[in-house]
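Notes for the one structure printed next.
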Amino acid sequence: MSVATKAGRTAAGFRPLPAWLLLLTVTVIGLNLRAGMGSIPPLLGRISDDLRLPATAQALLTSAQVIFIGLSAPAVRRLAARMGAESATAVLLGALSLSCLMRFQATSIAVLLVSAALAGLGMGGVSVLMPGLIAHHLPRLPGLATGLYSTAMAGGVALAAWTAGPLAERLGGWRPALGAWGVAAALTALAWLALLPRLSRTPAAEAAREKPRRSPWKSATARWITLYTVLQTIVGFSGLAWIAPSYVERGLPAQDGAALFSLFQLVQLVAMLTLPPITDHTRDRRPLLAVSLACVALGLAGMVAAPAALAIPAVGLFGLGIGGSFSLGLVLIIDAAADRDEATQLSAMVTLVGYIGGASGPLMLGLLHDLTGGFDAGYATLLVISLVILCIVPVFRPGRGLGSPLPARPAASPGRTAESSPGEG
């Protein structure tokens, strides 16, 4: 940031937010963003017994959220264009809170599905905006910010899964155990609102709205990233929805099934916390992507070949690979975009196509279970998909942007733009 720019901001009375506060805020948002989804699988048996749900209807509780994550993308782009990405994030966090609070009164599958749809809109909307917000407000630390954000999301899912059973016992049922996360989301929304005046007043934010935009829909790079996300989401959300129920069906106690689900989420933290920060110092994402996807394939192979004997290492490798491949997918979006608006447009495209397509994963496993009476066919299909994703990795060469390949960016800031950032102060 130039001295002249700093002086201009000082004259205008603007004080930039410190980077550590922005990183903390991004982490707290990530912690809440998927917790409402993670609390459902460990309680699926109780919900199903109470509401008498078949396997396909159970799968809809996860798939509906994933579908609406995708459907949120076009509306969120318009909302952000109208009121700014920062203000739109506050609205979406409020919607996420409301969706979880509805579950206190979930007396039918219809209420749960409406709640799931609203949760998907909130989760998807924030997910669309976050890569652009990171690229804009933390351009010197995109990998670290992405790692903390994705780690917090996985941590929130794991925490929600691990506490779902005890909360249901302590609070008197599955409904308050699901609804409690609405209170946490509401507090997060209030915290974001407290920072909103200083986040949305930056001169760079105003200038970014005036820049000409180029659509990602005609970009080959955008299509490859979207295809990667579709397949990765199919595999990842299938694991999220069915790991606990599949092992309970194989004879494990419900708490042990929840423990394996928590392992699946917790090992993701290792990959999410370590791999994205490495990208702040390297240019080629392909080696890290290949290692992550190889772990996914090995884990799924173990779950198919010896699900009981290899339960812990197989689920661990599966989670480790999914964590790495998901967080590195966010880095790919920041890499390919030239500025915040382009990152938001690409993220919206990826979310719209990727998550709607990815929602087929939990449904596919539910249908295959109903057809075959088990989960082996479903996990074998996921194994094939993971190998297909691995074949896509060579496409993501360094410097590839949405149009013609972009010039190589400095290794320390792959997502950095020419705009100044409040997080640099």
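In the structure tokens, the first chain shown is A, the next is B, and so on; residue numbers restart at 1 for each chain, and ligands run from 1 in the order shown.
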
How close does each residue of segment 137-199 of chain A get to segment 18-41 of chain A, giving the shortest atom pair and distance in Å to one decimal for every residue with an atom at most 8 Å away, counting only C-alpha atoms, sorted by chain and residue number, as JSON lines?
{"residue": "A:His137", "atom": "CA", "partner": "A:Leu22", "partner_atom": "CA", "distance": 7.9}
{"residue": "A:Leu138", "atom": "CA", "partner": "A:Ala19", "partner_atom": "CA", "distance": 7.0}
{"residue": "A:Ala145", "atom": "CA", "partner": "A:Leu23", "partner_atom": "CA", "distance": 6.0}
{"residue": "A:Leu148", "atom": "CA", "partner": "A:Thr27", "partner_atom": "CA", "distance": 5.6}
{"residue": "A:Tyr149", "atom": "CA", "partner": "A:Thr27", "partner_atom": "CA", "distance": 4.9}
{"residue": "A:Ser150", "atom": "CA", "partner": "A:Gly30", "partner_atom": "CA", "distance": 6.5}
{"residue": "A:Thr151", "atom": "CA", "partner": "A:Gly30", "partner_atom": "CA", "distance": 7.6}
{"residue": "A:Ala152", "atom": "CA", "partner": "A:Leu31", "partner_atom": "CA", "distance": 4.4}
{"residue": "A:Met153", "atom": "CA", "partner": "A:Gly30", "partner_atom": "CA", "distance": 4.5}
{"residue": "A:Ala154", "atom": "CA", "partner": "A:Leu31", "partner_atom": "CA", "distance": 7.5}
{"residue": "A:Gly155", "atom": "CA", "partner": "A:Leu31", "partner_atom": "CA", "distance": 6.4}
{"residue": "A:Gly156", "atom": "CA", "partner": "A:Leu31", "partner_atom": "CA", "distance": 4.5}
{"residue": "A:Val157", "atom": "CA", "partner": "A:Gly38", "partner_atom": "CA", "distance": 4.4}
{"residue": "A:Ala158", "atom": "CA", "partner": "A:Gly38", "partner_atom": "CA", "distance": 6.8}
{"residue": "A:Leu159", "atom": "CA", "partner": "A:Ala35", "partner_atom": "CA", "distance": 7.5}
{"residue": "A:Ala160", "atom": "CA", "partner": "A:Ser39", "partner_atom": "CA", "distance": 4.8}
{"residue": "A:Ala161", "atom": "CA", "partner": "A:Ser39", "partner_atom": "CA", "distance": 4.8}
{"residue": "A:Thr163", "atom": "CA", "partner": "A:Ser39", "partner_atom": "CA", "distance": 7.9}
{"residue": "A:Ala164", "atom": "CA", "partner": "A:Ser39", "partner_atom": "CA", "distance": 5.6}
{"residue": "A:Ala177", "atom": "CA", "partner": "A:Ser39", "partner_atom": "CA", "distance": 7.8}
{"residue": "A:Leu178", "atom": "CA", "partner": "A:Ser39", "partner_atom": "CA", "distance": 6.2}
{"residue": "A:Trp181", "atom": "CA", "partner": "A:Gly36", "partner_atom": "CA", "distance": 6.1}
{"residue": "A:Gly182", "atom": "CA", "partner": "A:Gly36", "partner_atom": "CA", "distance": 7.9}
{"residue": "A:Ala184", "atom": "CA", "partner": "A:Asn32", "partner_atom": "CA", "distance": 7.0}
{"residue": "A:Ala185", "atom": "CA", "partner": "A:Asn32", "partner_atom": "CA", "distance": 5.9}
{"residue": "A:Thr188", "atom": "CA", "partner": "A:Ile29", "partner_atom": "CA", "distance": 6.5}
{"residue": "A:Trp192", "atom": "CA", "partner": "A:Thr25", "partner_atom": "CA", "distance": 7.5}

Proximity of segment 194-285 of chain A to segment 351-355 of chain A: per-residue shortest pair, 8 Å limit, only C-alpha atoms, as CSV:
residue,atom,partner,partner_atom,distance
A:Thr226,CA,A:Gly354,CA,5.7
A:Leu227,CA,A:Gly354,CA,6.9
A:Thr229,CA,A:Gly354,CA,5.2
A:Val230,CA,A:Gly354,CA,4.0
A:Leu231,CA,A:Gly354,CA,7.7
A:Thr233,CA,A:Tyr355,CA,6.6

Report as CSV: every residue of segment 178-292 of chain A with an atom at most 12 Å from segment 327-346 of chain A, its closest pair of atoms, and their distance in Å to one decimal, counting only C-alpha atoms, with rows sorted by chain and ascending residue number.
residue,atom,partner,partner_atom,distance
A:Ala204,CA,A:Arg340,CA,10.1
A:Ala205,CA,A:Arg340,CA,8.9
A:Glu206,CA,A:Asp341,CA,11.5
A:Ala207,CA,A:Asp341,CA,10.8
A:Ala208,CA,A:Asp341,CA,7.0
A:Arg209,CA,A:Asp341,CA,7.5
A:Glu210,CA,A:Asp341,CA,9.9
A:Lys211,CA,A:Asp341,CA,8.4
A:Pro212,CA,A:Asp341,CA,9.2
A:Arg213,CA,A:Glu342,CA,6.8
A:Arg214,CA,A:Glu342,CA,7.2
A:Ser215,CA,A:Gln345,CA,7.2
A:Pro216,CA,A:Leu346,CA,5.8
A:Trp217,CA,A:Leu346,CA,8.2
A:Lys218,CA,A:Leu346,CA,11.0
A:Ser219,CA,A:Leu346,CA,9.7
A:Ala220,CA,A:Ala336,CA,11.1
A:Thr221,CA,A:Ala336,CA,7.7
A:Ala222,CA,A:Leu346,CA,6.7
A:Arg223,CA,A:Leu346,CA,9.6
A:Trp224,CA,A:Leu332,CA,10.4
A:Ile225,CA,A:Leu332,CA,7.3
A:Thr226,CA,A:Leu346,CA,8.8
A:Leu227,CA,A:Gly329,CA,10.9
A:Tyr228,CA,A:Gly329,CA,7.9
A:Thr229,CA,A:Gly329,CA,7.1
A:Val230,CA,A:Gly329,CA,10.9
A:Leu231,CA,A:Gly329,CA,11.5
A:Gln232,CA,A:Gly329,CA,9.0
A:Thr233,CA,A:Gly329,CA,10.5
A:Gly236,CA,A:Ser327,CA,11.9
A:Gln268,CA,A:Ser327,CA,9.5
A:Leu269,CA,A:Ser327,CA,10.1
A:Val270,CA,A:Ser327,CA,11.2
A:Ala271,CA,A:Ser327,CA,8.2
A:Met272,CA,A:Ser327,CA,5.8
A:Leu273,CA,A:Ser327,CA,9.0
A:Thr274,CA,A:Ser327,CA,10.1
A:Leu275,CA,A:Leu328,CA,7.5
A:Pro276,CA,A:Leu328,CA,6.2
A:Pro277,CA,A:Val331,CA,9.8
A:Ile278,CA,A:Leu328,CA,10.3
A:Thr279,CA,A:Val331,CA,7.9
A:Asp280,CA,A:Val331,CA,9.7
A:Thr282,CA,A:Asp335,CA,11.6
A:Arg283,CA,A:Asp335,CA,9.3
A:Asp284,CA,A:Leu332,CA,10.3
A:Arg285,CA,A:Leu328,CA,7.7
A:Arg286,CA,A:Leu328,CA,9.6
A:Pro287,CA,A:Leu328,CA,11.0
A:Leu288,CA,A:Leu328,CA,8.0
A:Leu289,CA,A:Leu328,CA,7.0
A:Ala290,CA,A:Leu328,CA,10.7
A:Val291,CA,A:Leu328,CA,11.4
A:Ser292,CA,A:Leu328,CA,9.2

From the list A:Ala314, A:Pro139, A:Gln105, A:Gly122, the nearest residue to Ala180 of chain A using only C-alpha atoms is A:Gln105

Could you work out how far atom CA of Arg170 of chain A lies from atom CA of Asp50 of chain A, giving the answer in Å with one decimal?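 So the two atoms, atom CA of Asp50 of chain A and atom CA of Arg170 of chain A, lie 18.0 Å apart.
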